file final38.txt (compact mmCIF, C-alpha atoms)
# COMPACT_ATOMS: atom_id res chain seq x y z
CA ILE A 1 283.07 -31.57 131.23
CA SER A 2 286.17 -31.24 133.40
CA GLY A 3 284.17 -28.90 135.65
CA ILE A 4 281.60 -31.64 136.21
CA GLY A 5 284.34 -34.04 137.26
CA ALA A 6 285.88 -31.46 139.54
CA ALA A 7 282.48 -30.66 141.09
CA TYR A 8 281.94 -34.33 141.85
CA HIS A 9 285.31 -34.78 143.56
CA VAL A 10 285.32 -31.49 145.47
CA SER A 11 281.75 -32.01 146.69
CA ARG A 12 282.51 -35.54 147.90
CA LYS A 13 285.96 -35.11 149.40
CA THR A 14 286.08 -31.66 150.96
CA ASN A 15 284.02 -29.28 153.04
CA PHE A 16 284.68 -26.41 150.64
CA THR A 17 282.00 -24.09 149.43
CA PHE A 18 282.60 -23.78 145.70
CA LYS A 19 281.17 -22.90 142.30
CA VAL A 20 281.97 -23.97 138.78
CA LEU A 21 281.95 -20.97 136.45
CA GLU A 22 280.84 -22.16 133.00
CA SER A 23 281.15 -19.70 130.13
CA LYS A 24 278.40 -21.30 128.04
CA PRO A 25 274.64 -21.28 128.68
CA THR A 26 274.64 -25.05 129.29
CA PHE A 27 276.98 -27.97 129.95
CA GLY A 28 278.51 -30.24 127.34
CA GLY A 29 281.42 -28.43 125.71
CA THR A 30 282.18 -29.99 122.33
CA TRP A 31 279.08 -32.15 122.53
CA GLU A 32 276.87 -29.09 122.82
CA LEU A 33 278.75 -26.90 120.35
CA PHE A 34 279.12 -29.13 117.31
CA LYS A 35 275.96 -30.16 115.45
CA TYR A 36 277.21 -31.79 112.25
CA PRO A 37 275.73 -35.17 111.29
CA GLY A 38 277.36 -38.23 112.79
CA ILE A 39 279.44 -36.50 115.48
CA ARG A 40 280.72 -39.06 117.97
CA SER A 41 283.52 -39.45 120.46
CA ASP A 42 286.91 -40.32 119.03
CA SER A 43 287.83 -42.19 122.20
CA ASP A 44 286.07 -45.22 123.54
CA MET A 45 283.52 -44.25 126.15
CA TYR A 46 284.89 -46.68 128.70
CA SER A 47 288.02 -44.48 128.81
CA PHE A 48 286.23 -41.16 128.28
CA ALA A 49 283.59 -41.65 131.01
CA PHE A 50 284.12 -40.70 134.63
CA SER A 51 285.53 -43.49 136.81
CA PHE A 52 282.86 -42.74 139.43
CA HIS A 53 280.06 -43.15 136.86
CA PRO A 54 281.03 -45.78 134.26
CA TRP A 55 279.61 -45.85 130.73
CA MET A 56 277.12 -48.71 130.76
CA LYS A 57 276.04 -48.86 127.12
CA GLU A 58 277.29 -51.59 124.82
CA GLN A 59 278.55 -49.32 122.03
CA ARG A 60 282.10 -48.15 122.56
CA PHE A 61 281.81 -44.76 120.84
CA GLY A 62 279.01 -42.47 121.97
CA SER A 63 277.17 -40.00 119.78
CA ALA A 64 276.92 -36.37 120.85
CA LYS A 65 273.37 -36.96 122.09
CA GLU A 66 274.38 -40.04 124.06
CA ILE A 67 277.29 -38.17 125.63
CA LYS A 68 275.04 -35.23 126.55
CA ASP A 69 272.53 -37.69 128.06
CA TYR A 70 275.34 -39.36 129.99
CA LEU A 71 276.55 -35.99 131.34
CA GLN A 72 273.00 -35.04 132.33
CA ASP A 73 272.71 -38.35 134.17
CA VAL A 74 275.94 -37.57 136.05
CA LEU A 75 274.68 -34.10 136.99
CA THR A 76 271.34 -35.49 138.19
CA THR A 77 272.63 -38.61 139.95
CA TYR A 78 275.16 -36.68 142.04
CA SER A 79 273.19 -33.40 142.40
CA LEU A 80 275.99 -31.40 140.76
CA GLU A 81 273.91 -28.85 138.86
CA LYS A 82 273.62 -26.68 141.99
CA TYR A 83 277.36 -25.97 141.84
CA ILE A 84 277.42 -24.75 138.23
CA LEU A 85 276.83 -21.13 137.25
CA TYR A 86 276.28 -20.72 133.51
CA ASN A 87 277.10 -17.73 131.30
CA GLN A 88 280.06 -16.88 133.52
CA LYS A 89 283.00 -16.38 131.16
CA VAL A 90 286.09 -15.62 133.22
CA CYS A 91 288.01 -12.62 131.93
CA SER A 92 290.59 -12.32 134.70
CA ALA A 93 291.92 -14.10 137.75
CA SER A 94 294.53 -12.52 140.00
CA PHE A 95 295.92 -13.28 143.41
CA SER A 96 295.84 -10.61 146.10
CA THR A 97 298.79 -10.87 148.47
CA ALA A 98 297.03 -8.38 150.76
CA THR A 99 294.11 -10.76 151.38
CA ASN A 100 295.65 -14.07 150.29
CA ARG A 101 292.63 -14.59 148.05
CA TRP A 102 291.98 -15.07 144.38
CA ILE A 103 289.88 -12.42 142.67
CA THR A 104 288.11 -13.84 139.64
CA LYS A 105 286.08 -11.59 137.34
CA THR A 106 283.62 -12.53 134.63
CA GLU A 107 282.64 -10.67 131.49
CA GLY A 108 279.16 -10.19 132.96
CA GLY A 109 280.60 -8.08 135.78
CA ASN A 110 280.58 -10.65 138.57
CA THR A 111 283.52 -10.85 140.96
CA TRP A 112 284.39 -13.91 143.00
CA ASN A 113 286.82 -14.03 145.92
CA SER A 114 288.22 -17.41 146.87
CA LYS A 115 290.99 -19.10 148.77
CA TYR A 116 291.62 -21.52 145.93
CA ILE A 117 291.07 -21.54 142.20
CA TYR A 118 291.07 -24.59 139.97
CA PHE A 119 291.04 -24.11 136.21
CA CYS A 120 288.98 -26.65 134.29
CA THR A 121 289.40 -25.02 130.93
CA GLY A 122 289.12 -27.06 127.80
CA TYR A 123 291.70 -26.85 125.07
CA TYR A 124 289.30 -25.73 122.34
CA ASP A 125 288.42 -22.12 121.55
CA HIS A 126 284.63 -22.27 121.53
CA ASP A 127 284.31 -18.64 120.47
CA GLU A 128 286.43 -18.90 117.35
CA GLY A 129 287.46 -22.36 116.20
CA TYR A 130 290.65 -23.06 114.30
CA THR A 131 290.42 -22.74 110.53
CA PRO A 132 293.40 -24.17 108.68
CA ASP A 133 294.84 -22.23 105.77
CA PHE A 134 294.67 -24.82 103.01
CA LYS A 135 296.47 -23.97 99.78
CA GLY A 136 293.88 -22.96 97.18
CA MET A 137 291.08 -22.54 99.71
CA ASN A 138 290.32 -19.03 98.49
CA ASP A 139 289.94 -20.37 94.93
CA PHE A 140 287.27 -22.88 95.94
CA ASN A 141 283.87 -21.87 94.50
CA GLY A 142 281.71 -24.01 96.77
CA GLU A 143 280.43 -23.25 100.24
CA ILE A 144 282.89 -23.85 103.08
CA ILE A 145 281.29 -24.59 106.42
CA HIS A 146 283.39 -24.82 109.55
CA PRO A 147 282.17 -27.78 111.67
CA GLN A 148 281.65 -25.33 114.53
CA LYS A 149 279.22 -23.30 112.43
CA TRP A 150 277.16 -26.23 111.09
CA PRO A 151 273.56 -25.12 110.56
call {"tool": "encode", "arguments": {"input": "final38.txt", "output": "structure tokens"}}
result
Amino acid sequence: ISGIGAAYHVSRKTNFTFKVLESKPTFGGTWELFKYPGIRSDSDMYSFAFSFHPWMKEQRFGSAKEIKDYLQDVLTTYSLEKYILYNQKVCSASFSTATNRWITKTEGGNTWNSKYIYFCTGYYDHDEGYTPDFKGMNDFNGEIIHPQKWP
């Protein structure tokens, strides 16, 4: 989501050629990953939404589907999809003093050279979510489903 915001601002306020490298096959972050019933934002959407594209619905807390629809509307309205490259998980970024350029590599074998780099990483580990170690958890006989692995 932060990459979408960055794409909007960079595309409107600079003459830079740029790409957003998204590790997942689609946009949406948390709102694409989690599928459990009733998932909604925990912040009001008037604060969560982009200032350049306000949330116009009456309900204050958006569902995952509504947030995904909102993000799709942002991508479409401002023609931002063309800047995003999906399935591009960054595995390294280093600065070359010889060329004064950043060298960014992805797990898929792509290499990007750039004058600038701007990290829009989220705080959540989408590959392996946090599982707390609750006392007695191993003694529980029922099924434990991590929200990230909801069927």
call {"tool": "residues_around", "arguments": {"input": "final38.txt", "residues": "stretch 28-36 of chain A", "least_positions_apart": "3", "cutoff": "6 Å", "atoms": "only C-alpha atoms", "output": "number ranges by chain"}}
result
A: 64, 148, 150
call {"tool": "residues_near_point", "arguments": {"input": "final38.txt", "point": "(288.5, -13.0, 143.1)", "cutoff": "9 Å", "atoms": "only C-alpha atoms", "output": "PyMOL selection string"}}
result
chain A and resi 92-96+101-105+111-115+117
call {"tool": "closest_residue", "arguments": {"input": "final38.txt", "among": "A:Pro37, A:Gly5, A:Gly136, A:Gly109", "to": "A:His53", "atoms": "all atoms listed in the file"}}
result
A:Gly5
call {"tool": "atom_distance", "arguments": {"input": "final38.txt", "atom1": "atom CA of A:Tyr83", "atom2": "atom CA of A:Val20"}}
result
5.9 Å
call {"tool": "residues_around", "arguments": {"input": "final38.txt", "residues": "A:Gly108", "least_positions_apart": "5", "cutoff": "12 Å", "atoms": "all atoms listed in the file", "output": "list in words"}}
result
Leu21, Ser23, Leu85, Tyr86, Asn87, Gln88, Lys89, Val90, Cys91 and Ser92 of chain A
call {"tool": "closest_residue", "arguments": {"input": "final38.txt", "among": "A:Ile144, A:Val74, A:Ile84, A:Cys120", "to": "A:Pro25", "atoms": "all atoms listed in the file"}}
result
A:Ile84
call {"tool": "atom_distance", "arguments": {"input": "final38.txt", "atom1": "atom CA of A:Phe16", "atom2": "atom CA of A:Tyr124"}}
result
28.7 Å
